[in-house]
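In what follows, a single structure is set out as structure tokens and then discussed.
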Amino acid sequence: MEAAAAFGLLASSARLHLMWALAQGESDVTRLADRVGGALPAVSQHLTKLKLAGLVRSRRDGRRQIYFVDDPDVVTVVRLMVGQLAARAEAASVPVRALRGTGG
């Protein structure tokens, strides 16, 4: 099933981070590596996998490849997934912060 394969690719934290970064706007591999804190060869390999799966596209700009997500539904799913998980993590840490603040 195509959806399972796509979610399988996004199970990698590195690829999910790249998708999140590309959901914010297009970028070349060097800037993406800087943004996600990854090694250039590894980021390039992840982008190749995402591109082969049809989750990411690229276009040539001089000597650079510019990567982007052109499917608004994919962007929505990634933003929703990451946003929900971030909200859960934040909500789970609130009681801990509250306890630390009371000296308890």
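To be explicit about the labels: the chains of the structure tokens are called A, B, and onward in the order shown, and within each one the residues are counted from 1, while ligands get numbers from 1 in the order they are shown.
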
Quiz item: Could you name the residues that touch segment 72-80 of chain A at 8 Å or less, counting only C-alpha atoms, but leaving out those on the same chain fewer than 2 positions away, as a count of residues only?
Solution: 10

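Considering only C-alpha atoms, the residue among A:Ala5, A:Leu22, A:Leu85, A:Ala91 positioned nearest to Arg57 of chain A is A:Leu22.
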
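What separates atom CA of Arg35 of chain A from atom CA of Ala4 of chain A is a distance of 27.2 Å.
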
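Across A:Ala87, A:Thr30, A:Tyr67, A:Ser13, the tightest approach to Gly54 of chain A is made by A:Tyr67 when counting only C-alpha atoms.
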
Quiz item: Per DSSP on the backbone, what are the strand (DSSP E) residues of segment 7-79 of chain A, as a ChimeraX atom specification?
Solution: /A:27-28,57-61,64-68

Output all heavy atoms of each residue in that selection to a file, as a short mmCIF file (atom, residue, chain, number, x, y, z; two decimals), in the first residue's frame.
```cif
data_model
loop_
_atom_site.label_atom_id
_atom_site.label_comp_id
_atom_site.auth_asym_id
_atom_site.auth_seq_id
_atom_site.Cartn_x
_atom_site.Cartn_y
_atom_site.Cartn_z
N SER A 27 14.27 24.55 -0.48
CA SER A 27 15.65 24.74 -0.05
C SER A 27 16.57 23.84 -0.85
O SER A 27 16.15 22.81 -1.36
CB SER A 27 15.76 24.42 1.44
OG SER A 27 17.04 24.72 1.93
N ASP A 28 17.85 24.21 -0.89
CA ASP A 28 18.83 23.31 -1.49
C ASP A 28 19.40 22.40 -0.40
O ASP A 28 19.14 22.60 0.79
CB ASP A 28 19.93 24.08 -2.23
CG ASP A 28 20.83 24.89 -1.31
OD1 ASP A 28 20.73 24.77 -0.08
OD2 ASP A 28 21.66 25.65 -1.84
N ARG A 57 9.93 16.90 -4.50
CA ARG A 57 10.35 17.13 -5.88
C ARG A 57 11.54 18.05 -5.87
O ARG A 57 11.87 18.65 -4.85
CB ARG A 57 9.20 17.73 -6.69
CG ARG A 57 8.05 16.72 -6.82
CD ARG A 57 6.98 17.13 -7.76
NE ARG A 57 7.51 17.53 -9.06
CZ ARG A 57 6.90 18.39 -9.86
NH1 ARG A 57 5.77 18.94 -9.52
NH2 ARG A 57 7.42 18.70 -11.03
N SER A 58 12.18 18.19 -7.02
CA SER A 58 13.31 19.11 -7.11
C SER A 58 13.30 19.78 -8.47
O SER A 58 12.70 19.29 -9.43
CB SER A 58 14.63 18.38 -6.88
OG SER A 58 14.89 17.48 -7.94
N ARG A 59 13.98 20.91 -8.49
CA ARG A 59 14.17 21.62 -9.76
C ARG A 59 15.59 22.16 -9.75
O ARG A 59 16.18 22.39 -8.71
CB ARG A 59 13.16 22.75 -9.92
CG ARG A 59 13.27 23.85 -8.90
CD ARG A 59 12.28 24.99 -9.17
NE ARG A 59 12.23 25.89 -8.05
CZ ARG A 59 13.14 26.79 -7.74
NH1 ARG A 59 14.21 26.92 -8.49
NH2 ARG A 59 13.01 27.58 -6.70
N ARG A 60 16.13 22.32 -10.94
CA ARG A 60 17.49 22.82 -11.08
C ARG A 60 17.46 24.34 -11.05
O ARG A 60 16.61 24.97 -11.66
CB ARG A 60 18.09 22.32 -12.38
CG ARG A 60 19.52 22.75 -12.51
CD ARG A 60 20.52 21.80 -13.04
NE ARG A 60 20.70 20.45 -12.63
CZ ARG A 60 21.46 20.04 -11.62
NH1 ARG A 60 22.00 20.91 -10.81
NH2 ARG A 60 21.68 18.78 -11.41
N ASP A 61 18.40 24.91 -10.30
CA ASP A 61 18.59 26.36 -10.25
C ASP A 61 20.09 26.61 -10.41
O ASP A 61 20.83 26.59 -9.44
CB ASP A 61 18.07 26.92 -8.93
CG ASP A 61 18.20 28.44 -8.84
OD1 ASP A 61 18.24 29.10 -9.90
OD2 ASP A 61 18.25 28.97 -7.72
N ARG A 64 22.61 24.19 -8.58
CA ARG A 64 21.99 23.63 -7.38
C ARG A 64 20.67 22.93 -7.69
O ARG A 64 19.97 23.30 -8.63
CB ARG A 64 21.69 24.73 -6.36
CG ARG A 64 22.89 25.52 -5.94
CD ARG A 64 22.54 26.62 -4.96
NE ARG A 64 21.37 27.39 -5.39
CZ ARG A 64 20.53 27.99 -4.57
NH1 ARG A 64 20.70 27.93 -3.27
NH2 ARG A 64 19.51 28.66 -5.02
N GLN A 65 20.34 21.93 -6.88
CA GLN A 65 19.03 21.31 -6.91
C GLN A 65 18.23 21.94 -5.76
O GLN A 65 18.70 21.96 -4.62
CB GLN A 65 19.13 19.79 -6.66
CG GLN A 65 19.60 19.00 -7.84
CD GLN A 65 18.55 18.90 -8.92
OE1 GLN A 65 18.73 19.44 -9.99
NE2 GLN A 65 17.47 18.22 -8.66
N ILE A 66 17.06 22.43 -6.08
CA ILE A 66 16.19 23.01 -5.06
C ILE A 66 15.09 21.98 -4.79
O ILE A 66 14.39 21.55 -5.70
CB ILE A 66 15.56 24.34 -5.54
CG1 ILE A 66 16.65 25.33 -5.97
CG2 ILE A 66 14.65 24.92 -4.47
CD1 ILE A 66 17.58 25.75 -4.87
N TYR A 67 14.94 21.61 -3.53
CA TYR A 67 13.95 20.61 -3.14
C TYR A 67 12.72 21.30 -2.56
O TYR A 67 12.83 22.34 -1.91
CB TYR A 67 14.54 19.65 -2.11
CG TYR A 67 15.63 18.79 -2.70
CD1 TYR A 67 16.95 19.21 -2.73
CD2 TYR A 67 15.32 17.57 -3.28
CE1 TYR A 67 17.94 18.43 -3.30
CE2 TYR A 67 16.30 16.78 -3.86
CZ TYR A 67 17.61 17.23 -3.86
OH TYR A 67 18.59 16.45 -4.44
N PHE A 68 11.56 20.70 -2.80
CA PHE A 68 10.31 21.27 -2.30
C PHE A 68 9.24 20.19 -2.22
O PHE A 68 9.37 19.12 -2.81
CB PHE A 68 9.85 22.42 -3.20
CG PHE A 68 9.63 22.03 -4.63
CD1 PHE A 68 8.37 21.70 -5.09
CD2 PHE A 68 10.69 22.00 -5.54
CE1 PHE A 68 8.16 21.33 -6.43
CE2 PHE A 68 10.50 21.63 -6.86
CZ PHE A 68 9.23 21.31 -7.31
#
```

Quiz item: What gap, in Å, lies between atom CA of Glu90 of chain A and atom CA of Gln24 of chain A?
Solution: 21.2 Å

Quiz prompt | Distance query His46 of chain A at most 8 Å, only C-alpha atoms, self and fewer than 3 positions along chain excluded, as number ranges by chain | solution = A: 14-15, 42-43, 49-50

Write a file of the just-selected residues containing N, CA, C and O atoms, as a tab-separated table (two decimals), in the first residue's frame.
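selection-v6.tsv, freshly written:
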```tsv
chain	number	residue	atom	x	y	z
A	14	ALA	N	15.12	11.59	10.76
A	14	ALA	CA	15.86	12.47	9.85
A	14	ALA	C	14.98	12.87	8.66
A	14	ALA	O	14.93	14.04	8.29
A	15	ARG	N	14.28	11.89	8.07
A	15	ARG	CA	13.43	12.21	6.92
A	15	ARG	C	12.23	13.04	7.34
A	15	ARG	O	11.81	13.94	6.63
A	42	ALA	N	24.35	12.34	4.00
A	42	ALA	CA	23.18	11.66	4.58
A	42	ALA	C	21.90	12.39	4.18
A	42	ALA	O	20.90	11.75	3.81
A	43	VAL	N	21.91	13.71	4.25
A	43	VAL	CA	20.73	14.49	3.86
A	43	VAL	C	20.40	14.25	2.39
A	43	VAL	O	19.24	14.06	2.01
A	49	LYS	N	15.55	9.31	-1.35
A	49	LYS	CA	14.49	8.36	-1.00
A	49	LYS	C	13.13	9.05	-1.00
A	49	LYS	O	12.14	8.49	-1.50
A	50	LEU	N	13.06	10.25	-0.44
A	50	LEU	CA	11.79	10.99	-0.41
A	50	LEU	C	11.34	11.35	-1.81
A	50	LEU	O	10.14	11.31	-2.13
```

Practice problem: Apply DSSP to the backbone of this structure and, from segment 5-103 of chain A, keep only the residues in alpha helix (DSSP H); write these as a ChimeraX atom specification. | Solution: /A:5-10,13-23,29-36,40-52,72-101

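Of the listed residues (A:Ala89, A:Ala33, A:Leu52, A:Ala3), A:Ala33 comes nearest to Leu18 of chain A; the distances count only C-alpha atoms.
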
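The space separating atom CA of Asp71 of chain A from atom CA of Ser44 of chain A comes to 20.4 Å.
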